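*Asks:* Input file: model.cif. Contents: mmCIF, C-alpha atoms.
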```cif
data_structure
loop_
_atom_site.label_atom_id
_atom_site.label_comp_id
_atom_site.auth_asym_id
_atom_site.auth_seq_id
_atom_site.Cartn_x
_atom_site.Cartn_y
_atom_site.Cartn_z
CA MET A 1 111.87 205.55 244.18
CA ASN A 2 114.75 206.20 246.58
CA ASP A 3 113.20 209.53 247.66
CA ILE A 4 109.84 207.83 248.27
CA PHE A 5 111.59 205.14 250.34
CA GLN A 6 113.37 207.80 252.42
CA LEU A 7 110.13 209.73 252.94
CA THR A 8 108.31 206.56 254.02
CA LEU A 9 111.16 205.68 256.37
CA ILE A 10 111.12 209.17 257.91
CA LEU A 11 107.35 209.14 258.48
CA VAL A 12 107.35 205.65 260.03
CA ALA A 13 110.40 206.43 262.19
CA SER A 14 108.92 209.78 263.25
CA LEU A 15 105.66 208.11 264.28
CA VAL A 16 107.47 205.44 266.32
CA ALA A 17 109.80 208.03 267.89
CA THR A 18 106.88 210.29 268.85
CA LEU A 19 104.98 207.40 270.48
CA PHE A 20 108.11 206.30 272.34
CA ALA A 21 108.88 209.87 273.45
CA ARG A 22 105.38 210.31 274.85
CA ARG A 23 105.65 206.95 276.60
CA ILE A 24 108.82 207.96 278.45
CA ARG A 25 107.55 211.55 278.89
CA ILE A 26 110.15 213.50 276.92
CA PRO A 27 109.34 216.15 274.27
CA ALA A 28 108.35 214.48 270.98
CA VAL A 29 110.81 216.61 269.00
CA VAL A 30 113.72 215.06 270.94
CA GLY A 31 112.60 211.60 269.88
CA GLN A 32 112.36 212.72 266.25
CA ILE A 33 115.85 214.26 266.23
CA LEU A 34 117.35 211.22 267.97
CA ILE A 35 115.80 208.79 265.49
CA GLY A 36 117.21 211.01 262.73
CA ILE A 37 120.70 210.60 264.23
CA VAL A 38 120.21 206.82 264.37
CA LEU A 39 119.10 206.66 260.71
CA ALA A 40 121.69 209.18 259.42
CA PRO A 41 124.87 208.24 257.50
CA ALA A 42 126.95 208.58 260.69
CA ALA A 43 125.03 205.67 262.30
CA LEU A 44 122.88 203.12 260.42
CA GLY A 45 123.20 204.95 257.10
CA TRP A 46 119.59 204.30 256.02
CA LEU A 47 118.83 207.99 255.52
CA HIS A 48 120.96 209.96 253.06
CA GLY A 49 118.89 213.06 252.33
CA GLY A 50 119.05 214.52 248.85
CA HIS A 51 117.27 217.35 247.09
CA THR A 52 113.69 216.11 247.68
CA ILE A 53 114.18 215.57 251.42
CA GLU A 54 115.96 218.93 251.67
CA VAL A 55 113.01 220.72 250.02
CA LEU A 56 110.44 218.94 252.20
CA SER A 57 112.50 219.82 255.27
CA GLU A 58 112.71 223.48 254.27
CA ILE A 59 108.95 223.63 253.78
CA GLY A 60 108.57 221.96 257.18
CA VAL A 61 110.37 224.69 259.11
CA ILE A 62 108.56 227.38 257.09
CA LEU A 63 105.16 225.87 257.98
CA LEU A 64 106.17 225.41 261.62
CA MET A 65 106.92 229.11 261.96
CA PHE A 66 103.78 229.99 259.99
CA LEU A 67 101.71 228.06 262.54
CA ALA A 68 103.58 229.80 265.37
CA GLY A 69 102.54 233.14 263.89
CA LEU A 70 98.93 231.99 263.57
CA GLU A 71 98.83 230.93 267.22
CA SER A 72 100.38 234.15 268.49
CA ASP A 73 98.35 236.79 270.23
CA LEU A 74 99.39 240.05 268.58
CA SER A 75 98.32 242.17 271.56
CA VAL A 76 100.52 240.09 273.89
CA LEU A 77 103.44 240.32 271.45
CA LYS A 78 103.10 244.12 271.29
CA LYS A 79 102.81 244.35 275.06
CA ASN A 80 106.02 242.35 275.50
CA PHE A 81 108.00 243.94 272.66
CA LYS A 82 110.46 245.76 274.96
CA PRO A 83 111.57 242.67 276.95
CA ALA A 84 111.65 240.65 273.69
CA LEU A 85 113.94 243.25 272.09
CA LEU A 86 116.25 243.31 275.13
CA VAL A 87 116.41 239.50 275.23
CA ALA A 88 117.20 239.42 271.50
CA LEU A 89 119.96 242.05 271.75
CA ALA A 90 121.61 240.29 274.68
CA GLY A 91 121.09 236.92 273.02
CA VAL A 92 123.11 238.05 270.01
CA LEU A 93 125.78 240.22 271.63
CA VAL A 94 126.74 237.91 274.52
CA PRO A 95 127.37 234.73 272.44
CA LEU A 96 129.01 236.78 269.68
CA LEU A 97 131.52 238.42 272.03
CA VAL A 98 132.11 235.39 274.28
CA PHE A 99 132.69 232.88 271.46
CA TRP A 100 134.80 235.38 269.54
CA GLY A 101 136.95 236.06 272.62
CA VAL A 102 137.27 232.41 273.72
CA THR A 103 138.15 231.01 270.29
CA ALA A 104 140.60 233.87 269.65
CA LEU A 105 142.35 233.04 272.95
CA MET A 106 142.47 229.39 271.89
CA GLY A 107 144.44 230.38 268.78
CA TYR A 108 141.73 230.31 266.12
CA ALA A 109 142.19 232.67 263.17
CA PHE A 110 140.52 236.09 263.53
CA SER A 111 137.85 235.46 260.86
CA THR A 112 137.14 231.96 262.21
CA ALA A 113 136.76 233.30 265.77
CA ILE A 114 134.24 235.93 264.65
CA PHE A 115 132.39 233.30 262.62
CA TYR A 116 132.04 231.12 265.73
CA GLY A 117 130.41 234.08 267.46
CA ILE A 118 127.97 234.64 264.59
CA VAL A 119 126.99 230.94 264.45
CA PHE A 120 126.14 230.78 268.16
CA ALA A 121 124.46 234.19 268.14
CA ALA A 122 121.65 232.62 266.11
CA THR A 123 118.57 231.14 267.80
CA SER A 124 116.32 228.47 266.36
CA VAL A 125 112.83 229.02 267.70
CA SER A 126 111.40 226.11 265.69
CA ILE A 127 112.41 223.56 268.36
CA THR A 128 111.10 225.80 271.14
CA VAL A 129 107.85 226.43 269.29
CA GLU A 130 107.28 222.70 268.90
CA VAL A 131 107.79 222.05 272.63
CA LEU A 132 105.66 225.03 273.71
CA GLN A 133 102.89 223.92 271.34
CA GLU A 134 103.08 220.39 272.72
CA TYR A 135 102.56 221.66 276.27
CA GLY A 136 100.07 224.42 275.34
CA LYS A 137 102.31 227.31 276.45
CA LEU A 138 102.98 229.14 273.18
CA SER A 139 100.51 231.98 273.84
CA THR A 140 101.72 232.72 277.40
CA LYS A 141 103.59 235.89 278.30
CA ALA A 142 106.91 234.04 278.35
CA GLY A 143 106.06 232.28 275.07
CA SER A 144 105.34 235.63 273.41
CA ILE A 145 108.64 237.08 274.61
CA ILE A 146 110.49 234.03 273.23
CA LEU A 147 108.76 234.36 269.85
CA GLY A 148 109.36 238.09 269.58
CA ALA A 149 112.98 237.76 270.73
CA ALA A 150 113.69 234.90 268.34
CA VAL A 151 112.40 236.85 265.33
CA VAL A 152 114.50 239.91 266.23
CA ASP A 153 117.40 237.57 267.02
CA ASP A 154 117.18 236.06 263.52
CA ILE A 155 117.19 239.52 261.94
CA LEU A 156 120.23 240.59 263.98
CA ALA A 157 122.09 237.34 263.23
CA VAL A 158 121.43 237.74 259.52
CA LEU A 159 122.65 241.36 259.67
CA ALA A 160 125.82 240.22 261.47
CA LEU A 161 126.37 237.53 258.83
CA SER A 162 125.77 240.09 256.06
CA ILE A 163 128.40 242.43 257.52
CA PHE A 164 130.85 239.55 257.95
CA THR A 165 130.44 238.12 254.44
CA SER A 166 130.58 241.58 252.84
CA ALA A 167 133.76 242.42 254.78
CA ASN A 168 135.32 239.14 253.61
CA SER A 169 134.37 239.58 249.96
CA SER A 170 135.29 242.06 247.27
CA SER A 171 131.69 242.78 246.23
CA GLY A 172 131.13 245.52 248.83
CA ASN A 173 127.32 245.22 248.61
CA LEU A 174 126.57 245.79 252.31
CA PRO A 175 124.55 249.04 251.84
CA GLN A 176 122.44 247.32 249.19
CA GLN A 177 121.89 244.37 251.54
CA PHE A 178 120.71 246.65 254.37
CA PHE A 179 118.43 248.54 251.98
CA MET A 180 116.83 245.29 250.75
CA GLU A 181 116.23 244.11 254.31
CA PHE A 182 114.75 247.48 255.29
CA LEU A 183 112.41 247.41 252.27
CA PHE A 184 111.27 243.92 253.18
CA LEU A 185 110.48 244.92 256.77
CA VAL A 186 108.48 247.91 255.52
CA PHE A 187 106.64 245.56 253.13
CA LEU A 188 105.80 243.25 256.05
CA VAL A 189 104.15 246.17 257.87
CA LEU A 190 102.06 246.96 254.77
CA VAL A 191 101.04 243.30 254.39
CA HIS A 192 100.09 243.13 258.04
CA LYS A 193 97.75 246.12 257.67
CA SER A 194 96.31 244.92 254.35
CA VAL A 195 95.52 241.26 255.15
CA PRO A 196 92.14 241.81 256.90
CA LYS A 197 90.90 243.78 253.86
CA ILE A 198 92.31 241.25 251.38
CA TRP A 199 90.63 238.38 253.23
CA ARG A 200 87.18 239.86 252.75
CA PHE A 201 87.80 239.31 249.03
CA VAL A 202 89.28 235.82 249.54
CA GLU A 203 86.21 234.65 251.45
CA LYS A 204 84.03 235.41 248.40
CA LEU A 205 85.99 233.09 246.10
CA PRO A 206 84.07 229.94 244.99
CA ILE A 207 87.04 227.63 245.70
CA TYR A 208 87.40 224.61 248.01
CA ALA A 209 89.53 225.37 251.11
CA LYS A 210 90.03 228.90 249.78
CA ASN A 211 91.23 230.33 253.10
CA THR A 212 93.92 227.70 253.64
CA THR A 213 95.02 227.83 250.00
CA ALA A 214 95.38 231.62 250.04
CA ALA A 215 97.07 231.50 253.46
CA LEU A 216 99.71 229.00 252.30
CA ILE A 217 100.34 231.08 249.16
CA LEU A 218 100.90 234.16 251.34
CA CYS A 219 103.19 232.13 253.64
CA LEU A 220 105.35 230.88 250.77
CA VAL A 221 105.44 234.25 248.97
CA LEU A 222 106.66 236.08 252.09
CA SER A 223 109.19 233.31 252.73
CA LEU A 224 110.55 233.68 249.21
CA LEU A 225 110.72 237.46 249.54
CA ALA A 226 112.53 237.18 252.90
CA ASP A 227 115.08 234.85 251.31
CA ALA A 228 115.48 237.20 248.33
CA ALA A 229 116.13 240.08 250.74
CA GLY A 230 118.95 238.05 252.34
CA MET A 231 117.01 237.14 255.49
CA SER A 232 115.81 233.84 256.91
CA ALA A 233 112.72 232.48 255.14
CA VAL A 234 111.11 231.74 258.52
CA ILE A 235 110.86 235.49 259.23
CA GLY A 236 108.53 235.81 256.24
CA SER A 237 106.44 232.77 257.18
CA PHE A 238 106.11 233.86 260.82
CA PHE A 239 104.85 237.31 259.84
CA ALA A 240 102.44 235.73 257.34
CA GLY A 241 100.92 233.72 260.18
CA LEU A 242 100.93 236.76 262.46
CA ALA A 243 99.07 238.84 259.85
CA LEU A 244 96.50 236.08 259.33
CA SER A 245 95.94 235.72 263.09
CA GLN A 246 93.93 238.97 262.83
CA THR A 247 91.29 237.36 260.58
CA ASP A 248 88.08 235.64 261.71
CA VAL A 249 89.10 232.41 259.95
CA SER A 250 92.53 232.06 261.58
CA HIS A 251 91.45 229.01 263.62
CA LYS A 252 90.18 227.24 260.50
CA ILE A 253 93.41 228.06 258.63
CA GLU A 254 95.43 226.78 261.59
CA GLU A 255 93.46 223.52 261.74
CA TYR A 256 93.86 222.72 258.04
CA SER A 257 97.47 223.94 257.82
CA SER A 258 98.44 221.88 260.88
CA ALA A 259 97.08 218.75 259.23
CA ILE A 260 99.20 219.41 256.14
CA ALA A 261 102.31 220.40 258.07
CA TYR A 262 102.38 217.74 260.78
CA VAL A 263 101.55 214.78 258.55
CA VAL A 264 104.56 215.18 256.24
CA PHE A 265 106.68 218.32 256.30
CA ILE A 266 107.46 218.99 259.98
CA PRO A 267 108.47 215.36 260.78
CA VAL A 268 110.82 215.44 257.77
CA PHE A 269 112.43 218.63 259.08
CA PHE A 270 113.12 217.30 262.58
CA VAL A 271 114.28 213.83 261.50
CA SER A 272 116.56 215.20 258.77
CA ILE A 273 118.35 217.72 261.05
CA ALA A 274 121.02 215.11 261.81
CA ILE A 275 121.78 214.00 258.23
CA SER A 276 124.97 216.07 258.00
CA VAL A 277 126.32 215.02 261.41
CA THR A 278 129.62 213.17 261.77
CA PHE A 279 130.86 212.03 265.16
CA GLU A 280 134.63 212.18 264.67
CA SER A 281 134.91 215.43 266.64
CA ILE A 282 133.25 213.87 269.70
CA PHE A 283 135.83 211.09 269.83
CA GLU A 284 138.82 213.26 268.91
CA GLN A 285 138.05 216.32 271.11
CA PRO A 286 135.29 215.38 273.60
CA LEU A 287 136.24 218.00 276.19
CA LEU A 288 136.28 220.80 273.60
CA ILE A 289 132.84 219.75 272.30
CA LEU A 290 131.52 219.61 275.87
CA PHE A 291 133.00 223.03 276.67
CA PHE A 292 131.53 224.68 273.55
CA THR A 293 128.13 223.08 274.20
CA LEU A 294 128.11 224.38 277.79
CA LEU A 295 129.15 227.81 276.51
CA ALA A 296 126.38 227.71 273.87
CA VAL A 297 123.77 227.01 276.56
CA LEU A 298 125.00 229.55 279.12
CA THR A 299 125.54 232.46 276.68
CA LYS A 300 121.86 232.30 275.74
CA PHE A 301 120.29 231.28 279.05
CA ILE A 302 122.05 233.67 281.44
CA PRO A 303 121.37 237.01 279.64
CA ALA A 304 117.78 236.02 278.77
CA TYR A 305 117.08 234.88 282.35
CA PHE A 306 118.38 238.06 283.99
CA ILE A 307 116.69 240.36 281.48
CA GLY A 308 113.46 238.48 282.15
CA LYS A 309 113.87 239.05 285.89
CA SER A 310 114.70 242.74 285.36
CA THR A 311 111.52 243.27 283.30
CA GLY A 312 109.18 241.87 285.96
CA LEU A 313 108.91 238.20 284.99
CA THR A 314 108.71 235.55 287.71
CA THR A 315 111.64 233.19 288.26
CA SER A 316 109.90 230.35 286.40
CA GLU A 317 108.92 232.63 283.50
CA SER A 318 112.47 233.98 283.27
CA ALA A 319 113.81 230.43 283.29
CA LEU A 320 111.44 229.50 280.45
CA VAL A 321 112.56 232.52 278.39
CA GLY A 322 116.20 231.60 279.06
CA THR A 323 115.79 227.95 278.09
CA GLY A 324 113.62 228.91 275.11
CA MET A 325 116.53 230.84 273.58
CA VAL A 326 119.11 228.02 273.93
CA SER A 327 118.33 225.98 270.80
CA ARG A 328 120.41 226.80 267.69
CA GLY A 329 118.91 224.35 265.15
CA GLU A 330 118.48 225.15 261.49
CA MET A 331 119.50 228.83 261.63
CA ALA A 332 122.95 228.03 263.02
CA LEU A 333 123.31 225.08 260.62
CA ILE A 334 122.56 227.36 257.67
CA ILE A 335 125.16 229.90 258.83
CA ALA A 336 127.71 227.10 259.32
CA GLN A 337 127.02 225.80 255.80
CA ILE A 338 127.54 229.31 254.41
CA GLY A 339 130.87 229.49 256.20
CA LEU A 340 131.98 226.15 254.76
CA ALA A 341 130.85 227.06 251.24
CA SER A 342 132.68 230.41 251.38
CA GLN A 343 135.81 228.69 252.83
CA VAL A 344 135.78 230.80 256.00
CA ILE A 345 135.97 227.49 257.91
CA ASN A 346 137.28 224.06 256.93
CA SER A 347 135.44 220.72 257.10
CA ASP A 348 136.89 219.85 260.53
CA ILE A 349 135.64 223.08 262.12
CA TYR A 350 132.32 222.65 260.30
CA SER A 351 131.85 219.17 261.86
CA GLU A 352 132.79 220.62 265.25
CA LEU A 353 130.18 223.36 264.87
CA VAL A 354 127.48 220.96 263.69
CA ILE A 355 128.00 218.63 266.68
CA VAL A 356 127.70 221.52 269.15
CA ILE A 357 124.62 222.87 267.33
CA ILE A 358 122.94 219.44 267.44
CA LEU A 359 123.80 218.93 271.12
CA SER A 360 122.44 222.36 272.10
CA THR A 361 119.34 221.61 270.04
CA LEU A 362 118.82 218.29 271.86
CA ILE A 363 119.43 219.78 275.31
CA ALA A 364 117.03 222.71 274.83
CA PRO A 365 113.71 220.76 274.94
CA PHE A 366 114.72 219.07 278.21
CA LEU A 367 115.60 222.45 279.72
CA ILE A 368 112.30 223.93 278.53
CA LYS A 369 110.34 221.01 280.00
CA GLN A 370 112.15 221.44 283.31
CA SER A 371 111.21 225.15 283.32
CA LEU A 372 107.59 224.31 282.54
CA LYS A 373 107.42 222.07 285.61
CA LYS A 374 107.75 225.24 287.68
CA GLY A 375 104.32 226.28 286.40
CA ILE A 376 103.85 229.07 283.86
CA SER A 377 100.55 230.89 284.12
#
```
Is it possible to express this structure as structure tokens?
*Replies:*
Amino acid sequence: MNDIFQLTLILVASLVATLFARRIRIPAVVGQILIGIVLAPAALGWLHGGHTIEVLSEIGVILLMFLAGLESDLSVLKKNFKPALLVALAGVLVPLLVFWGVTALMGYAFSTAIFYGIVFAATSVSITVEVLQEYGKLSTKAGSIILGAAVVDDILAVLALSIFTSANSSSGNLPQQFFMEFLFLVFLVLVHKSVPKIWRFVEKLPIYAKNTTAALILCLVLSLLADAAGMSAVIGSFFAGLALSQTDVSHKIEEYSSAIAYVVFIPVFFVSIAISVTFESIFEQPLLILFFTLLAVLTKFIPAYFIGKSTGLTTSESALVGTGMVSRGEMALIIAQIGLASQVINSDIYSELVIVIILSTLIAPFLIKQSLKKGIS
């Protein structure tokens, strides 16, 4: 019954936080993350997580990215592939090199310094997607660049992590890892081309909600395959949604899937982000935390902004792309957890990383909202 209590608490708290956030005109996702911090062990201690909450949270981020794929305009994504690729490359290389260099100068061990760079090279588009959906800007030119860049960014961050973990282990399975990831990407292309034909068969099935059922199965299968290939599960779910956006029933799938996702799974994901947070680092090294948070924001915003400007975007569009890449969220948390589990970092550095990740995640929606005030067409 403890899991049911926690789920009930999360849903009630999420509802209250969303209403309060709308009342004071801040992005709803900020309210949900903040209420998660209040309920987490580091504060009131009412929310402790556990396997059930972890699973529901994982499904939440998978469904969020699936819906982002469904809402995406493939023609706009293709049209903006070049700026998205440039934003992604800069968004990985700049934080990787800057954090590596800064932490090395501060006396961190070589492997720890590189790991810092990899953690902050990651981008979590889930927070950005939620805010852009809330304000109806996901399918804009800037929104498409952010989505495309974030997917490529995830792939590059996973590749960097693969190289790092292989170099620090005796298994030497890096070529196999690259081959698996390449096979998965080829498979995604085949799925993308096959879905319209497959759906003509699905629509003939005498089953209730057949389109949504088949769509969710495809979403979960591609997520599982992405994870098996050593990549982020959200890459699989995003491409599942993108493939289904070609079908005539995509709007119906989106409507039904949204009802499932936003009632339970997505609120659990946002509220539970803060469960692992401890605040000792803030009190012990506040200036260091502030410095790393500022660095985390600038190393994503500045390269994305200037690449946006160089590819013909307006100032407000470039600012939206820059702010849309700031959030680290679950991708960075996962990488940090891998580092702790493999003993690349200790618990103190892990807490330090988690605090900076959470702060950058909280700041991002406010920055995005400020960019949206400039008016994106």
*Asks:* Write out as a Markdown table a residue-level contact list of region 55-113 of chain A versus region 208-222 of chain A with cut-off 10 Å: for each qualifying residue the closest pair of atoms and the distance in Å to one decimal, counting only C-alpha atoms, rows sorted by chain and residue number upward.
*Replies:*
```
| residue | atom | partner | partner_atom | distance |
| --- | --- | --- | --- | --- |
| A:Ile59 | CA | A:Leu220 | CA | 8.6 |
| A:Ile62 | CA | A:Leu220 | CA | 7.9 |
| A:Leu63 | CA | A:Cys219 | CA | 7.9 |
| A:Met65 | CA | A:Cys219 | CA | 9.6 |
| A:Phe66 | CA | A:Cys219 | CA | 6.7 |
| A:Leu67 | CA | A:Cys219 | CA | 9.9 |
```
*Asks:* Evaluating the PyMOL selection byres ((chain A and resi 26-35) around 9) on the displayed file yields which residues, as a PyMOL selection string?
*Replies:* chain A and resi 10+13-25+36-40+127+130-131+134-135+267+270-274+358+361-363+365-366+369
*Asks:* Skipping near chain neighbours, those fewer than 4 positions away, what residues fall within 6 Å of Ser327 (chain A) using only C-alpha atoms, listed as a VMD selection string?
*Replies:* chain A and resid 123 to 124 360 to 361 364
*Asks:* Write out as a list in words the residues lying within 12 Å of Leu288 (chain A), counting all atoms listed in the file and excluding same-chain residues fewer than 4 positions away.
*Replies:* Val102, Thr103, Met106, Ser281, Ile282, Phe283, Glu284, Phe292, Thr293, Leu294, Leu295, Ile349, Glu352, Leu353, Ile355 and Val356 of chain A
*Asks:* Which residues are close to Asn80 (chain A), i.e. within 8 Å by all atoms listed in the file, leaving aside same-chain residues fewer than 2 positions away? Reply as JSON, numbers by chain.
*Replies:* {"A": [76, 77, 78, 82, 83, 84, 141, 144, 145]}
*Asks:* What residues come out when you apply the PyMOL selection byres ((chain A and resi 241) around 7) to this file, written as a PyMOL selection string?
*Replies:* chain A and resi 66-67+69-70+237-240+242-245
*Asks:* Residues at most 10 Å from region 174-184 of chain A, counting all atoms listed in the file, excluding those fewer than 4 positions away in the same chain, as a list in words?
*Replies:* Ile155, Val158, Leu159, Ser162, Ile163, Phe164, Thr165, Ser166, Ala167, Leu188, Val189, Leu190, Leu222, Leu225, Ala226, Asp227, Ala228, Ala229, Gly230, Met231 and Gly236 of chain A
*Asks:* Within 9 Å of (114.3, 232.9, 273.4), in the coordinates the file gives, what residues turn up when you count all atoms listed in the file, written out as a list in words?
*Replies:*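 Neighbouring residues, ordered by chain and number, come to Ala84, Val87, Ala88, Gly91, Thr123, Ser124, Val125, Thr128, Ala142, Gly143, Ile145, Ile146, Leu147, Gly148, Ala149, Ala150, Asp153, Lys300, Phe301, Ala304, Leu320, Val321, Gly322, Thr323, Gly324, Met325, Val326 and Ser327 of chain A.
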*Asks:* Interatomic distance between CA of Thr112 (chain A) and CA of Pro286 (chain A)?
*Replies:* 20.2 Å
*Asks:* Which value, in Å to one decimal, gives the distance between CA of Trp199 (chain A) and CA of Ile253 (chain A)?
*Replies:* 12.0 Å
*Asks:* Can you complete the atoms of region 29-49 of chain A to N, CA, C and O atoms and list them as an mmCIF file, in the coordinates of the input?
*Replies:*
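Saved result, out23.cif, follows:
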```cif
data_model
loop_
_atom_site.group_PDB
_atom_site.id
_atom_site.type_symbol
_atom_site.label_atom_id
_atom_site.label_comp_id
_atom_site.auth_asym_id
_atom_site.auth_seq_id
_atom_site.Cartn_x
_atom_site.Cartn_y
_atom_site.Cartn_z
ATOM 1 N N VAL A 29 109.797 216.149 269.945
ATOM 2 C CA VAL A 29 110.810 216.610 269.000
ATOM 3 C C VAL A 29 112.182 215.986 269.296
ATOM 4 O O VAL A 29 112.967 215.732 268.378
ATOM 5 N N VAL A 30 112.457 215.708 270.573
ATOM 6 C CA VAL A 30 113.720 215.060 270.940
ATOM 7 C C VAL A 30 113.781 213.656 270.344
ATOM 8 O O VAL A 30 114.798 213.235 269.778
ATOM 9 N N GLY A 31 112.666 212.936 270.464
ATOM 10 C CA GLY A 31 112.600 211.600 269.880
ATOM 11 C C GLY A 31 112.811 211.616 268.381
ATOM 12 O O GLY A 31 113.512 210.756 267.827
ATOM 13 N N GLN A 32 112.231 212.623 267.699
ATOM 14 C CA GLN A 32 112.360 212.720 266.250
ATOM 15 C C GLN A 32 113.797 213.041 265.830
ATOM 16 O O GLN A 32 114.309 212.478 264.856
ATOM 17 N N ILE A 33 114.458 213.934 266.555
ATOM 18 C CA ILE A 33 115.850 214.260 266.230
ATOM 19 C C ILE A 33 116.758 213.070 266.499
ATOM 20 O O ILE A 33 117.652 212.757 265.699
ATOM 21 N N LEU A 34 116.526 212.383 267.625
ATOM 22 C CA LEU A 34 117.350 211.220 267.970
ATOM 23 C C LEU A 34 117.210 210.091 266.956
ATOM 24 O O LEU A 34 118.198 209.464 266.568
ATOM 25 N N ILE A 35 115.983 209.850 266.496
ATOM 26 C CA ILE A 35 115.800 208.790 265.490
ATOM 27 C C ILE A 35 116.457 209.206 264.181
ATOM 28 O O ILE A 35 116.948 208.363 263.422
ATOM 29 N N GLY A 36 116.500 210.515 263.914
ATOM 30 C CA GLY A 36 117.210 211.010 262.730
ATOM 31 C C GLY A 36 118.700 210.727 262.818
ATOM 32 O O GLY A 36 119.324 210.335 261.826
ATOM 33 N N ILE A 37 119.270 210.891 264.027
ATOM 34 C CA ILE A 37 120.700 210.600 264.230
ATOM 35 C C ILE A 37 120.965 209.113 264.016
ATOM 36 O O ILE A 37 121.961 208.724 263.394
ATOM 37 N N VAL A 38 120.052 208.274 264.514
ATOM 38 C CA VAL A 38 120.210 206.820 264.370
ATOM 39 C C VAL A 38 120.166 206.403 262.894
ATOM 40 O O VAL A 38 120.942 205.551 262.443
ATOM 41 N N LEU A 39 119.275 207.032 262.117
ATOM 42 C CA LEU A 39 119.100 206.660 260.710
ATOM 43 C C LEU A 39 120.113 207.319 259.783
ATOM 44 O O LEU A 39 120.289 206.878 258.645
ATOM 45 N N ALA A 40 120.786 208.380 260.261
ATOM 46 C CA ALA A 40 121.690 209.180 259.420
ATOM 47 C C ALA A 40 122.931 208.394 258.998
ATOM 48 O O ALA A 40 123.236 207.340 259.564
ATOM 49 N N PRO A 41 123.662 208.907 257.992
ATOM 50 C CA PRO A 41 124.870 208.240 257.500
ATOM 51 C C PRO A 41 125.906 207.942 258.590
ATOM 52 O O PRO A 41 126.633 206.960 258.492
ATOM 53 N N ALA A 42 125.967 208.782 259.631
ATOM 54 C CA ALA A 42 126.950 208.580 260.690
ATOM 55 C C ALA A 42 126.657 207.361 261.550
ATOM 56 O O ALA A 42 127.535 206.876 262.265
ATOM 57 N N ALA A 43 125.407 206.832 261.494
ATOM 58 C CA ALA A 43 125.030 205.670 262.300
ATOM 59 C C ALA A 43 124.640 204.500 261.387
ATOM 60 O O ALA A 43 125.483 203.865 260.773
ATOM 61 N N LEU A 44 123.326 204.245 261.245
ATOM 62 C CA LEU A 44 122.880 203.120 260.420
ATOM 63 C C LEU A 44 123.073 203.357 258.921
ATOM 64 O O LEU A 44 123.228 202.416 258.141
ATOM 65 N N GLY A 45 123.004 204.625 258.515
ATOM 66 C CA GLY A 45 123.200 204.950 257.100
ATOM 67 C C GLY A 45 121.994 204.661 256.216
ATOM 68 O O GLY A 45 122.129 204.539 254.999
ATOM 69 N N TRP A 46 120.803 204.565 256.813
ATOM 70 C CA TRP A 46 119.590 204.300 256.020
ATOM 71 C C TRP A 46 119.032 205.573 255.394
ATOM 72 O O TRP A 46 118.295 205.515 254.423
ATOM 73 N N LEU A 47 119.363 206.708 255.986
ATOM 74 C CA LEU A 47 118.830 207.990 255.520
ATOM 75 C C LEU A 47 119.977 208.829 254.979
ATOM 76 O O LEU A 47 120.941 209.105 255.683
ATOM 77 N N HIS A 48 119.860 209.234 253.700
ATOM 78 C CA HIS A 48 120.960 209.960 253.060
ATOM 79 C C HIS A 48 120.562 211.372 252.604
ATOM 80 O O HIS A 48 121.400 212.114 252.112
ATOM 81 N N GLY A 49 119.319 211.729 252.754
ATOM 82 C CA GLY A 49 118.890 213.060 252.330
ATOM 83 C C GLY A 49 118.738 213.171 250.832
ATOM 84 O O GLY A 49 118.182 212.287 250.191
#
```
